[in-house]
Every structure is written in structure tokens, then in C-alpha cells.
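One file, protein-v2.pdb, is given below (PDB, C-alpha atoms).
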MODEL        1
ATOM      1  CA  MET A1463      -0.320  12.250 -29.894
ATOM      2  CA  GLU A1464       2.997  13.992 -29.330
ATOM      3  CA  SER A1465       5.931  11.778 -28.391
ATOM      4  CA  SER A1466       7.636  12.270 -25.052
ATOM      5  CA  SER A1467      10.970  13.248 -26.629
ATOM      6  CA  SER A1468       9.212  15.678 -28.985
ATOM      7  CA  SER A1469       7.353  17.193 -26.041
ATOM      8  CA  GLN A1470      10.639  17.506 -24.132
ATOM      9  CA  GLU A1471      12.238  19.250 -27.124
ATOM     10  CA  ASN A1472       9.330  21.718 -27.364
ATOM     11  CA  ILE A1473       9.635  22.625 -23.690
ATOM     12  CA  LEU A1474      13.403  23.055 -24.030
ATOM     13  CA  GLU A1475      12.870  25.261 -27.106
ATOM     14  CA  ASN A1476      10.357  27.412 -25.209
ATOM     15  CA  ILE A1477      12.759  27.717 -22.292
ATOM     16  CA  ALA A1478      15.621  28.684 -24.625
ATOM     17  CA  LYS A1479      13.462  31.385 -26.267
ATOM     18  CA  LEU A1480      12.510  32.861 -22.897
ATOM     19  CA  GLN A1481      16.136  32.835 -21.762
ATOM     20  CA  GLU A1482      17.260  34.465 -25.009
ATOM     21  CA  GLU A1483      14.604  37.183 -24.635
ATOM     22  CA  TYR A1484      15.682  37.768 -21.042
ATOM     23  CA  TYR A1485      19.363  38.121 -21.922
ATOM     24  CA  LEU A1486      18.590  40.390 -24.871
ATOM     25  CA  LYS A1487      16.900  42.784 -22.426
ATOM     26  CA  ASN A1488      19.422  42.216 -19.622
ATOM     27  CA  GLN A1489      23.052  41.994 -20.651
ATOM     28  CA  LYS A1490      24.528  38.778 -19.285
ATOM     29  CA  ASN A1491      26.678  39.452 -16.226
ATOM     30  CA  ILE A1492      30.188  38.068 -16.117
ATOM     31  CA  PHE A1493      30.253  38.369 -12.324
ATOM     32  CA  PHE A1494      27.409  38.355  -9.789
ATOM     33  CA  LYS A1495      25.247  36.099 -11.944
ATOM     34  CA  LYS A1496      23.241  34.561  -9.092
ATOM     35  CA  SER A1497      20.457  37.167  -8.990
ATOM     36  CA  GLN A1498      20.339  37.359 -12.763
ATOM     37  CA  LYS A1499      19.957  33.584 -13.060
ATOM     38  CA  SER A1500      17.213  33.710 -10.444
ATOM     39  CA  GLU A1501      15.359  36.447 -12.366
ATOM     40  CA  CYS A1502      15.622  34.474 -15.597
ATOM     41  CA  ALA A1503      14.421  31.290 -13.850
ATOM     42  CA  SER A1504      11.448  33.225 -12.454
ATOM     43  CA  LEU A1505      10.606  34.424 -15.975
ATOM     44  CA  VAL A1506      10.630  30.826 -17.250
ATOM     45  CA  ALA A1507       8.467  29.642 -14.330
ATOM     46  CA  ALA A1508       6.005  32.478 -14.906
ATOM     47  CA  ASN A1509       5.606  31.719 -18.619
ATOM     48  CA  ILE A1510       5.483  27.926 -18.728
ATOM     49  CA  ASP A1511       3.090  25.868 -16.646
ATOM     50  CA  ILE A1512       5.024  24.906 -13.525
ATOM     51  CA  TYR A1513       3.691  21.343 -13.440
ATOM     52  CA  THR A1514       4.758  20.882 -17.055
ATOM     53  CA  LEU A1515       8.249  21.968 -16.021
ATOM     54  CA  PHE A1516       8.156  19.638 -13.015
ATOM     55  CA  SER A1517       7.053  16.724 -15.215
ATOM     56  CA  LYS A1518       9.953  17.326 -17.603
ATOM     57  CA  THR A1519      12.378  17.484 -14.687
ATOM     58  CA  LEU A1520      11.343  14.393 -12.765
ATOM     59  CA  PHE A1521       9.452  11.420 -14.092
ATOM     60  CA  VAL A1522       8.991   7.698 -13.661
ATOM     61  CA  ILE A1523       9.786   5.186 -16.389
ATOM     62  CA  PRO A1524       7.673   2.337 -15.004
ATOM     63  CA  GLU A1525       8.705  -0.356 -17.476
ATOM     64  CA  LYS A1526      12.338   0.182 -16.464
ATOM     65  CA  LYS A1527      11.573   0.665 -12.758
ATOM     66  CA  THR A1528      13.343   3.990 -12.962
ATOM     67  CA  ILE A1529      12.975   7.505 -11.616
ATOM     68  CA  TYR A1530      14.721  10.091 -13.794
ATOM     69  CA  PHE A1531      15.788  13.596 -12.714
ATOM     70  CA  ASP A1532      17.016  16.125 -15.285
ATOM     71  CA  TYR A1533      19.042  18.948 -13.778
ATOM     72  CA  THR A1534      19.356  20.599 -17.210
ATOM     73  CA  VAL A1535      15.625  21.410 -17.042
ATOM     74  CA  PHE A1536      15.528  21.977 -13.260
ATOM     75  CA  LYS A1537      18.120  24.767 -13.384
ATOM     76  CA  THR A1538      16.145  26.753 -15.960
ATOM     77  CA  TYR A1539      13.232  27.567 -13.668
ATOM     78  CA  MET A1540      13.955  26.525 -10.089
ATOM     79  CA  THR A1541      13.950  29.242  -7.458
ATOM     80  CA  PRO A1542      13.667  28.937  -3.667
ATOM     81  CA  ASP A1543       9.956  29.762  -3.726
ATOM     82  CA  LEU A1544       9.360  26.596  -5.784
ATOM     83  CA  PHE A1545      11.386  24.151  -3.657
ATOM     84  CA  ASP A1546       8.444  22.943  -1.548
ATOM     85  CA  SER A1547       6.082  22.685  -4.521
ATOM     86  CA  PHE A1548       8.618  20.611  -6.425
ATOM     87  CA  LEU A1549       9.181  18.315  -3.451
ATOM     88  CA  ASP A1550       5.414  17.885  -3.078
ATOM     89  CA  TYR A1551       5.247  17.007  -6.789
ATOM     90  CA  GLU A1552       8.108  14.528  -6.314
ATOM     91  CA  TYR A1553       6.401  12.902  -3.340
ATOM     92  CA  ASN A1554       3.047  12.609  -5.112
ATOM     93  CA  LEU A1555       4.693  11.180  -8.221
ATOM     94  CA  THR A1556       7.050   8.683  -6.644
ATOM     95  CA  HIS A1557       5.801   7.682  -3.188
ATOM     96  CA  GLU A1558       2.966   5.380  -4.188
ATOM     97  CA  TRP A1559       4.898   4.038  -7.176
ATOM     98  CA  VAL A1560       7.947   3.153  -5.050
ATOM     99  CA  ASN A1561       5.639   1.231  -2.713
ATOM    100  CA  THR A1562       4.458  -0.933  -5.647
ATOM    101  CA  VAL A1563       7.920  -2.058  -6.761
ATOM    102  CA  LYS A1564      10.428  -4.331  -5.108
ATOM    103  CA  SER A1565      13.305  -2.047  -6.120
ATOM    104  CA  TYR A1566      13.992   0.847  -8.442
ATOM    105  CA  GLU A1567      16.846   2.798  -9.991
ATOM    106  CA  LEU A1568      17.395   6.529  -9.719
ATOM    107  CA  HIS A1569      18.992   8.240 -12.724
ATOM    108  CA  LEU A1570      20.348  11.783 -12.314
ATOM    109  CA  ASN A1571      21.382  13.851 -15.313
ATOM    110  CA  ILE A1572      23.499  16.575 -13.711
ATOM    111  CA  GLN A1573      25.040  17.955 -16.876
ATOM    112  CA  SER A1574      26.541  21.411 -16.274
ATOM    113  CA  LEU A1575      26.257  21.257 -12.474
ATOM    114  CA  SER A1576      28.882  23.614 -11.068
ATOM    115  CA  ILE A1577      30.028  24.457  -7.569
ATOM    116  CA  SER A1578      28.159  27.787  -7.759
ATOM    117  CA  ALA A1579      24.984  25.951  -8.833
ATOM    118  CA  PHE A1580      25.448  23.475  -5.993
ATOM    119  CA  GLU A1581      25.630  26.454  -3.615
ATOM    120  CA  ARG A1582      22.609  28.107  -5.293
ATOM    121  CA  TYR A1583      20.509  24.965  -4.690
ATOM    122  CA  ARG A1584      21.891  24.158  -1.267
ATOM    123  CA  GLY A1585      18.575  25.093   0.356
ATOM    124  CA  PHE A1586      16.830  22.614  -1.931
ATOM    125  CA  ILE A1587      19.363  19.898  -1.110
ATOM    126  CA  ASP A1588      18.869  20.569   2.611
ATOM    127  CA  LYS A1589      15.094  20.160   2.182
ATOM    128  CA  VAL A1590      15.574  16.864   0.319
ATOM    129  CA  LEU A1591      17.865  15.567   3.051
ATOM    130  CA  GLN A1592      15.354  16.582   5.739
ATOM    131  CA  ARG A1593      12.498  14.923   3.899
ATOM    132  CA  TYR A1594      14.357  11.703   3.142
ATOM    133  CA  PRO A1595      16.507  10.507   6.010
ATOM    134  CA  PRO A1596      19.401   8.208   5.023
ATOM    135  CA  ILE A1597      17.623   5.027   6.070
ATOM    136  CA  SER A1598      14.139   5.541   4.683
ATOM    137  CA  PRO A1599      11.985   2.950   2.899
ATOM    138  CA  THR A1600      12.529   4.900  -0.329
ATOM    139  CA  ALA A1601      16.318   4.823   0.040
ATOM    140  CA  ILE A1602      16.365   1.142   0.986
ATOM    141  CA  LYS A1603      14.437   0.163  -2.168
ATOM    142  CA  MET A1604      16.864   2.024  -4.439
ATOM    143  CA  SER A1605      19.033  -0.618  -6.101
ATOM    144  CA  LYS A1606      21.246   1.761  -8.111
ATOM    145  CA  LEU A1607      21.891   5.468  -8.456
ATOM    146  CA  TYR A1608      23.236   6.427 -11.870
ATOM    147  CA  VAL A1609      24.867   9.829 -12.239
ATOM    148  CA  TYR A1610      25.286  11.157 -15.782
ATOM    149  CA  TYR A1611      27.722  13.896 -16.807
ATOM    150  CA  THR A1612      29.632  13.542 -13.570
ATOM    151  CA  PRO A1613      31.171  16.973 -12.913
ATOM    152  CA  SER A1614      34.765  17.569 -11.899
ATOM    153  CA  ILE A1615      33.470  18.834  -8.537
ATOM    154  CA  ILE A1616      31.921  15.480  -7.625
ATOM    155  CA  GLU A1617      34.353  14.864  -4.756
ATOM    156  CA  GLN A1618      33.391  18.148  -3.068
ATOM    157  CA  ILE A1619      29.716  17.280  -3.478
ATOM    158  CA  LEU A1620      30.230  13.776  -2.109
ATOM    159  CA  ASN A1621      32.183  15.127   0.863
ATOM    160  CA  PHE A1622      29.305  17.471   1.689
ATOM    161  CA  LEU A1623      26.730  14.675   1.304
ATOM    162  CA  ALA A1624      28.857  11.951   2.955
ATOM    163  CA  PRO A1625      26.873  11.686   6.210
ATOM    164  CA  PHE A1626      23.664  11.245   4.233
ATOM    165  CA  ILE A1627      24.809   8.930   1.440
ATOM    166  CA  GLN A1628      27.492   6.782   3.048
ATOM    167  CA  HIS A1629      25.173   3.743   3.006
ATOM    168  CA  LEU A1630      24.490   4.323  -0.712
ATOM    169  CA  ARG A1631      28.087   4.654  -1.942
ATOM    170  CA  GLU A1632      28.252   1.087  -3.273
ATOM    171  CA  LYS A1633      25.019   1.664  -5.241
ATOM    172  CA  ILE A1634      26.280   4.742  -7.116
ATOM    173  CA  VAL A1635      27.513   4.482 -10.713
ATOM    174  CA  PHE A1636      29.181   7.552 -12.208
ATOM    175  CA  TYR A1637      29.245   8.090 -15.968
ATOM    176  CA  SER A1638      31.788  10.459 -17.435
ATOM    177  CA  LYS A1639      30.843  13.426 -19.566
ATOM    178  CA  VAL A1640      32.168  11.503 -22.574
ATOM    179  CA  ASP A1641      30.080   8.345 -21.971
ATOM    180  CA  SER A1642      26.873   9.845 -20.596
ATOM    181  CA  ALA A1643      25.063  10.546 -23.873
ATOM    182  CA  ASP A1644      25.454   6.903 -24.957
ATOM    183  CA  TYR A1645      24.166   5.576 -21.636
ATOM    184  CA  LEU A1646      21.209   7.970 -21.704
ATOM    185  CA  ASP A1647      20.378   6.773 -25.217
ATOM    186  CA  ILE A1648      20.300   3.214 -23.856
ATOM    187  CA  LEU A1649      18.069   4.274 -20.949
ATOM    188  CA  PHE A1650      15.549   5.931 -23.261
ATOM    189  CA  GLU A1651      15.461   3.199 -25.905
ATOM    190  CA  LYS A1652      12.039   1.632 -26.199
TER     191      LYS A1652
ENDMDL
END

In C-alpha cells, how does this file's structure come out?
Amino acid sequence: MESSSSSQENILENIAKLQEEYYLKNQKNIFFKKSQKSECASLVAANIDIYTLFSKTLFVIPEKKTIYFDYTVFKTYMTPDLFDSFLDYEYNLTHEWVNTVKSYELHLNIQSLSISAFERYRGFIDKVLQRYPPISPTAIKMSKLYVYYTPSIIEQILNFLAPFIQHLREKIVFYSKVDSADYLDILFEK
């Protein structure tokens, strides 16, 4: 049986190959990259099973009472036409599980998140905020929110999200880009 980290590496290798093929055929734009990134993401989504991609992006670590989200995978395939499917996957994966635990932690790896990426996924963020109001049973059960590879733009992001996350501010732990790899290693230790 293939290990989870080995499986993750294989998916990331497949994604990297598809991206490389795409950019060999389509010279990488210096400006106006949004549509090009969307085309490349669509290529990845069309060539790798979408539920495999979803499962590498968001998963539960039951023994640690943790939900983990990996933006580094998310950004490689996510397009607006997949937002609802991903949120349905998220709901089906986490809803019942959250109801079985007293509390849980949410871990977000947002390595390489930029202001332009935040804008590109704003529609997704809006859908998440609509689906999960600030005082929902899911939010109340969250004991901590760990953010890895905290970007320099975090203040702008927090200002935008302030009305929705004000009640969570004391639960959020930010890890610097320098410290994140070590803390992720700890999270994924058996």
C-alpha cells in the first residue's frame, strides 16, 4: 500500500509535469497571467481525477483532531467552475466528522498565497463565507486555526475578512515562512 506522503508526492509530480507541458506550449506571461493560470489549472483538473485532487487539498487527520487544507495543491487546479464541487466535497468530508468530536483544529498551508491569488479566489472565499456564517456550530468547535507560511499580505487579508473572523482572532496562530516547515513536520509525524 502506498504511503500518504508518497501518494502526495506522486500527485505533485503529475501536476508539475502537466504545468511544465502547458508552459512549454504556451510561453509564460509576465503580465496578464490570470487567464493563463486558469487555463493551466483547467488542464490539471482535466487530466487528474478531480476527487483525487480534492483529497490532496483537504483532508482530516482524525487521530490529531485536525482538518488540513493545502493551498499549494488547491492553486494548481482550482477554477470557478469547481468551487461548488469542492465545497460539496468539503462538507461531505468534514460535516459528520466535526459532529463526532468535541473540538478540532484547522491547519492552513497558504504557502505562496499572493494578493493577486487572493483576488483570483475571491469568489471562492465569498462562497465559503456564505456557507459558514461566523457563528456556526463548525466555527464554534474550532479550537485553533494554524496558518503556515504566513504571507506578507496577511494584514490586508485579515482586514477583508475581519467581519467574518473577528470572533476567531484569539484562536489563530500564525507561523512564519521560516518556521512553517518545522511545524508541518511536527503535524505530520506519526

**Prompt:** Contacts of segment 1550-1555 of chain A at 9 Å or less, counting all atoms listed in the file, minus same-chain residues fewer than 4 places along, as a list of chain:residue names?
**Reply:** A:Tyr1513, A:Phe1516, A:Ser1517, A:Leu1520, A:Phe1521, A:Val1522, A:Phe1545, A:Asp1546, A:Trp1559

**Message:** When you count all atoms listed in the file, which of these residues is closest to Thr1519 of chain A: A:Val1563, A:Gln1470, A:Asp1543, A:Leu1607?
**Reply:**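 When distances to Thr1519 of chain A are compared using all atoms listed in the file, the smallest one comes from A:Gln1470.
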
**Request:** Run through the PyMOL selection byres ((chain A and resi 1636) around 10) on the given coordinates and return the selected residues as a list of chain:residue names.
**Result:**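 With the PyMOL selection byres ((chain A and resi 1636) around 10) on this model, the match is A:Leu1570, A:Leu1607, A:Tyr1608, A:Val1609, A:Tyr1610, A:Tyr1611, A:Thr1612, A:Pro1613, A:Ile1616, A:Ile1634, A:Val1635, A:Tyr1637, A:Ser1638, A:Lys1639, A:Asp1641, A:Ser1642.
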
Can you give me, as a short mmCIF file (atom, residue, chain, number, x, y, z; two decimals) with C-alpha atoms, in the frame of the given file, the residues this file yields under the PyMOL selection byres ((chain A and resi 1526) around 12)?
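Output contents, as saved in selection_29.cif:
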data_model
loop_
_atom_site.label_atom_id
_atom_site.label_comp_id
_atom_site.auth_asym_id
_atom_site.auth_seq_id
_atom_site.Cartn_x
_atom_site.Cartn_y
_atom_site.Cartn_z
CA PHE A 1521 9.45 11.42 -14.09
CA VAL A 1522 8.99 7.70 -13.66
CA ILE A 1523 9.79 5.19 -16.39
CA PRO A 1524 7.67 2.34 -15.00
CA GLU A 1525 8.70 -0.36 -17.48
CA LYS A 1527 11.57 0.66 -12.76
CA THR A 1528 13.34 3.99 -12.96
CA ILE A 1529 12.98 7.50 -11.62
CA TYR A 1530 14.72 10.09 -13.79
CA VAL A 1563 7.92 -2.06 -6.76
CA SER A 1565 13.30 -2.05 -6.12
CA TYR A 1566 13.99 0.85 -8.44
CA GLU A 1567 16.85 2.80 -9.99
CA LEU A 1568 17.40 6.53 -9.72
CA HIS A 1569 18.99 8.24 -12.72
CA ILE A 1648 20.30 3.21 -23.86
CA LEU A 1649 18.07 4.27 -20.95
CA PHE A 1650 15.55 5.93 -23.26
CA GLU A 1651 15.46 3.20 -25.90
CA LYS A 1652 12.04 1.63 -26.20
#

**Prompt:** Residues at most 10 Å from Thr1534 of chain A, counting only C-alpha atoms, excluding those fewer than 2 positions away in the same chain, as a ChimeraX atom specification?
**Reply:** /A:1474,1518-1519,1531-1532,1536-1539,1571-1575

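Of the listed residues A:Tyr1485, A:Val1535, A:Ala1503, A:Val1640, the one whose atoms come nearest to Ile1473 of chain A is A:Val1535, with distances taken using all atoms listed in the file.
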
**Prompt:** Rounded to one decimal in Å, what is the spacing between atom CA of Pro1542 of chain A and atom CA of Ile1602 of chain A?
**Reply:**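 Here the two named atoms are 28.3 Å from each other.
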
**Request:** Can you work out which one of A:Gln1628, A:Met1540, A:Asp1644, A:Thr1600 has the shortest atom-to-atom distance to Gly1585 of chain A, counting only C-alpha atoms?
**Result:**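 Checking each candidate against Gly1585 of chain A, we get A:Met1540 as the closest.
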
**Prompt:** Quick one: which residues end up in the PyMOL selection byres ((chain A and resi 1589) around 12) for this structure, as a ChimeraX atom specification?
**Reply:** /A:1542,1544-1550,1583-1588,1590-1595

Mind dumping the selected residues with C-alpha atoms as a PDB file, keeping the file's coordinate frame?
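Everything below was put into part_6.pdb:
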ATOM      1  CA  PRO A1542      13.667  28.937  -3.667  1.00  0.00           C
ATOM      2  CA  LEU A1544       9.360  26.596  -5.784  1.00  0.00           C
ATOM      3  CA  PHE A1545      11.386  24.151  -3.657  1.00  0.00           C
ATOM      4  CA  ASP A1546       8.444  22.943  -1.548  1.00  0.00           C
ATOM      5  CA  SER A1547       6.082  22.685  -4.521  1.00  0.00           C
ATOM      6  CA  PHE A1548       8.618  20.611  -6.425  1.00  0.00           C
ATOM      7  CA  LEU A1549       9.181  18.315  -3.451  1.00  0.00           C
ATOM      8  CA  ASP A1550       5.414  17.885  -3.078  1.00  0.00           C
ATOM      9  CA  TYR A1583      20.509  24.965  -4.690  1.00  0.00           C
ATOM     10  CA  ARG A1584      21.891  24.158  -1.267  1.00  0.00           C
ATOM     11  CA  GLY A1585      18.575  25.093   0.356  1.00  0.00           C
ATOM     12  CA  PHE A1586      16.830  22.614  -1.931  1.00  0.00           C
ATOM     13  CA  ILE A1587      19.363  19.898  -1.110  1.00  0.00           C
ATOM     14  CA  ASP A1588      18.869  20.569   2.611  1.00  0.00           C
ATOM     15  CA  VAL A1590      15.574  16.864   0.319  1.00  0.00           C
ATOM     16  CA  LEU A1591      17.865  15.567   3.051  1.00  0.00           C
ATOM     17  CA  GLN A1592      15.354  16.582   5.739  1.00  0.00           C
ATOM     18  CA  ARG A1593      12.498  14.923   3.899  1.00  0.00           C
ATOM     19  CA  TYR A1594      14.357  11.703   3.142  1.00  0.00           C
ATOM     20  CA  PRO A1595      16.507  10.507   6.010  1.00  0.00           C
TER      21      PRO A1595
END

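Relative to atom CA of Leu1505 of chain A, atom CA of Ser1578 of chain A is found at 20.5 Å.
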
Counting all atoms listed in the file, what is within 12 Å of Lys1490 of chain A, bar same-chain residues fewer than 5 positions away, as a PDB file with C-alpha atoms, keeping the file's coordinate frame?
ATOM      1  CA  GLN A1481      16.136  32.835 -21.762  1.00  0.00           C
ATOM      2  CA  GLU A1482      17.260  34.465 -25.009  1.00  0.00           C
ATOM      3  CA  GLU A1483      14.604  37.183 -24.635  1.00  0.00           C
ATOM      4  CA  TYR A1484      15.682  37.768 -21.042  1.00  0.00           C
ATOM      5  CA  TYR A1485      19.363  38.121 -21.922  1.00  0.00           C
ATOM      6  CA  LYS A1495      25.247  36.099 -11.944  1.00  0.00           C
ATOM      7  CA  LYS A1496      23.241  34.561  -9.092  1.00  0.00           C
ATOM      8  CA  SER A1497      20.457  37.167  -8.990  1.00  0.00           C
ATOM      9  CA  GLN A1498      20.339  37.359 -12.763  1.00  0.00           C
ATOM     10  CA  LYS A1499      19.957  33.584 -13.060  1.00  0.00           C
ATOM     11  CA  GLU A1501      15.359  36.447 -12.366  1.00  0.00           C
ATOM     12  CA  CYS A1502      15.622  34.474 -15.597  1.00  0.00           C
TER      13      CYS A1502
END

**Asked** Could you state the separation of atom CA of Ser1576 of chain A and atom CA of Thr1556 of chain A in Å, given to one decimal place?
**Response**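 Between these atoms lies a distance of 26.8 Å.
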
**Asked** With distances taken over all atoms listed in the file, which of A:Leu1480, A:Leu1486, A:Ala1508, A:Ile1577 is nearest to Glu1617 of chain A?
**Response**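 Using all atoms listed in the file, the shortest distance to Glu1617 of chain A belongs to A:Ile1577.
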
**Message:** Applying 9 Å and all atoms listed in the file, which residues near segment 1618-1622 of chain A remain after dropping the ones on its own chain fewer than 4 positions away? List them as a ChimeraX atom specification.
**Reply:** /A:1577,1580,1614,1626-1627

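Using only C-alpha atoms for every distance, the candidate list A:Ser1598, A:Asn1472, A:Gln1489, A:Ser1500 yields A:Ser1500 as the residue closest to Thr1541 of chain A.
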
Neighbours of Leu1630 of chain A within 10 Å (all atoms listed in the file; same-chain residues fewer than 5 positions away dropped), as a compact mmCIF listing (two decimals) with C-alpha atoms, keeping the file's coordinate frame?
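Okay, part-v3.txt is ready:
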# COMPACT_ATOMS: atom_id res chain seq x y z
CA PRO A 1596 19.40 8.21 5.02
CA ILE A 1597 17.62 5.03 6.07
CA ALA A 1601 16.32 4.82 0.04
CA ILE A 1602 16.36 1.14 0.99
CA MET A 1604 16.86 2.02 -4.44
CA SER A 1605 19.03 -0.62 -6.10
CA LYS A 1606 21.25 1.76 -8.11
CA LEU A 1607 21.89 5.47 -8.46
CA ALA A 1624 28.86 11.95 2.96

Please reconstruct the missing atoms of segment 1622-1646 of chain A (target: N, CA and C atoms) and return them as an mmCIF file, in the frame of the given file.
data_model
loop_
_atom_site.group_PDB
_atom_site.id
_atom_site.type_symbol
_atom_site.label_atom_id
_atom_site.label_comp_id
_atom_site.auth_asym_id
_atom_site.auth_seq_id
_atom_site.Cartn_x
_atom_site.Cartn_y
_atom_site.Cartn_z
ATOM 1 N N PHE A 1622 30.395 16.767 1.022
ATOM 2 C CA PHE A 1622 29.305 17.471 1.689
ATOM 3 C C PHE A 1622 28.170 16.500 2.044
ATOM 4 N N LEU A 1623 27.860 15.596 1.117
ATOM 5 C CA LEU A 1623 26.730 14.675 1.304
ATOM 6 C C LEU A 1623 27.101 13.407 2.070
ATOM 7 N N ALA A 1624 28.370 13.208 2.366
ATOM 8 C CA ALA A 1624 28.857 11.951 2.955
ATOM 9 C C ALA A 1624 28.014 11.421 4.115
ATOM 10 N N PRO A 1625 27.658 12.242 5.095
ATOM 11 C CA PRO A 1625 26.873 11.686 6.210
ATOM 12 C C PRO A 1625 25.510 11.129 5.781
ATOM 13 N N PHE A 1626 25.004 11.626 4.674
ATOM 14 C CA PHE A 1626 23.664 11.245 4.233
ATOM 15 C C PHE A 1626 23.670 10.104 3.218
ATOM 16 N N ILE A 1627 24.793 9.930 2.514
ATOM 17 C CA ILE A 1627 24.809 8.930 1.440
ATOM 18 C C ILE A 1627 25.826 7.817 1.652
ATOM 19 N N GLN A 1628 26.465 7.789 2.800
ATOM 20 C CA GLN A 1628 27.492 6.782 3.048
ATOM 21 C C GLN A 1628 26.977 5.366 2.774
ATOM 22 N N HIS A 1629 25.762 5.071 3.198
ATOM 23 C CA HIS A 1629 25.173 3.743 3.006
ATOM 24 C C HIS A 1629 24.808 3.459 1.549
ATOM 25 N N LEU A 1630 24.836 4.489 0.702
ATOM 26 C CA LEU A 1630 24.490 4.323 -0.712
ATOM 27 C C LEU A 1630 25.714 4.246 -1.626
ATOM 28 N N ARG A 1631 26.887 4.530 -1.099
ATOM 29 C CA ARG A 1631 28.087 4.654 -1.942
ATOM 30 C C ARG A 1631 28.273 3.473 -2.893
ATOM 31 N N GLU A 1632 28.032 2.260 -2.413
ATOM 32 C CA GLU A 1632 28.252 1.087 -3.273
ATOM 33 C C GLU A 1632 27.173 0.956 -4.353
ATOM 34 N N LYS A 1633 26.095 1.711 -4.247
ATOM 35 C CA LYS A 1633 25.019 1.664 -5.241
ATOM 36 C C LYS A 1633 25.191 2.713 -6.341
ATOM 37 N N ILE A 1634 26.146 3.618 -6.189
ATOM 38 C CA ILE A 1634 26.280 4.742 -7.116
ATOM 39 C C ILE A 1634 27.201 4.373 -8.273
ATOM 40 N N VAL A 1635 26.729 4.678 -9.493
ATOM 41 C CA VAL A 1635 27.513 4.482 -10.713
ATOM 42 C C VAL A 1635 27.671 5.858 -11.354
ATOM 43 N N PHE A 1636 28.899 6.254 -11.592
ATOM 44 C CA PHE A 1636 29.181 7.552 -12.208
ATOM 45 C C PHE A 1636 29.552 7.348 -13.670
ATOM 46 N N TYR A 1637 28.898 8.110 -14.550
ATOM 47 C CA TYR A 1637 29.245 8.090 -15.968
ATOM 48 C C TYR A 1637 29.942 9.402 -16.312
ATOM 49 N N SER A 1638 31.008 9.282 -17.046
ATOM 50 C CA SER A 1638 31.788 10.459 -17.435
ATOM 51 C C SER A 1638 30.994 11.319 -18.414
ATOM 52 N N LYS A 1639 31.476 12.529 -18.600
ATOM 53 C CA LYS A 1639 30.843 13.426 -19.566
ATOM 54 C C LYS A 1639 30.911 12.828 -20.967
ATOM 55 N N VAL A 1640 31.974 12.108 -21.256
ATOM 56 C CA VAL A 1640 32.168 11.503 -22.574
ATOM 57 C C VAL A 1640 31.176 10.361 -22.816
ATOM 58 N N ASP A 1641 30.921 9.545 -21.809
ATOM 59 C CA ASP A 1641 30.080 8.345 -21.971
ATOM 60 C C ASP A 1641 28.596 8.574 -21.700
ATOM 61 N N SER A 1642 28.250 9.656 -21.071
ATOM 62 C CA SER A 1642 26.873 9.845 -20.596
ATOM 63 C C SER A 1642 25.826 9.826 -21.695
ATOM 64 N N ALA A 1643 26.072 10.491 -22.801
ATOM 65 C CA ALA A 1643 25.063 10.546 -23.873
ATOM 66 C C ALA A 1643 24.715 9.140 -24.354
ATOM 67 N N ASP A 1644 25.709 8.275 -24.507
ATOM 68 C CA ASP A 1644 25.454 6.903 -24.957
ATOM 69 C C ASP A 1644 24.619 6.139 -23.940
ATOM 70 N N TYR A 1645 24.932 6.285 -22.666
ATOM 71 C CA TYR A 1645 24.166 5.576 -21.636
ATOM 72 C C TYR A 1645 22.742 6.124 -21.517
ATOM 73 N N LEU A 1646 22.570 7.417 -21.716
ATOM 74 C CA LEU A 1646 21.209 7.970 -21.704
ATOM 75 C C LEU A 1646 20.409 7.464 -22.895
#
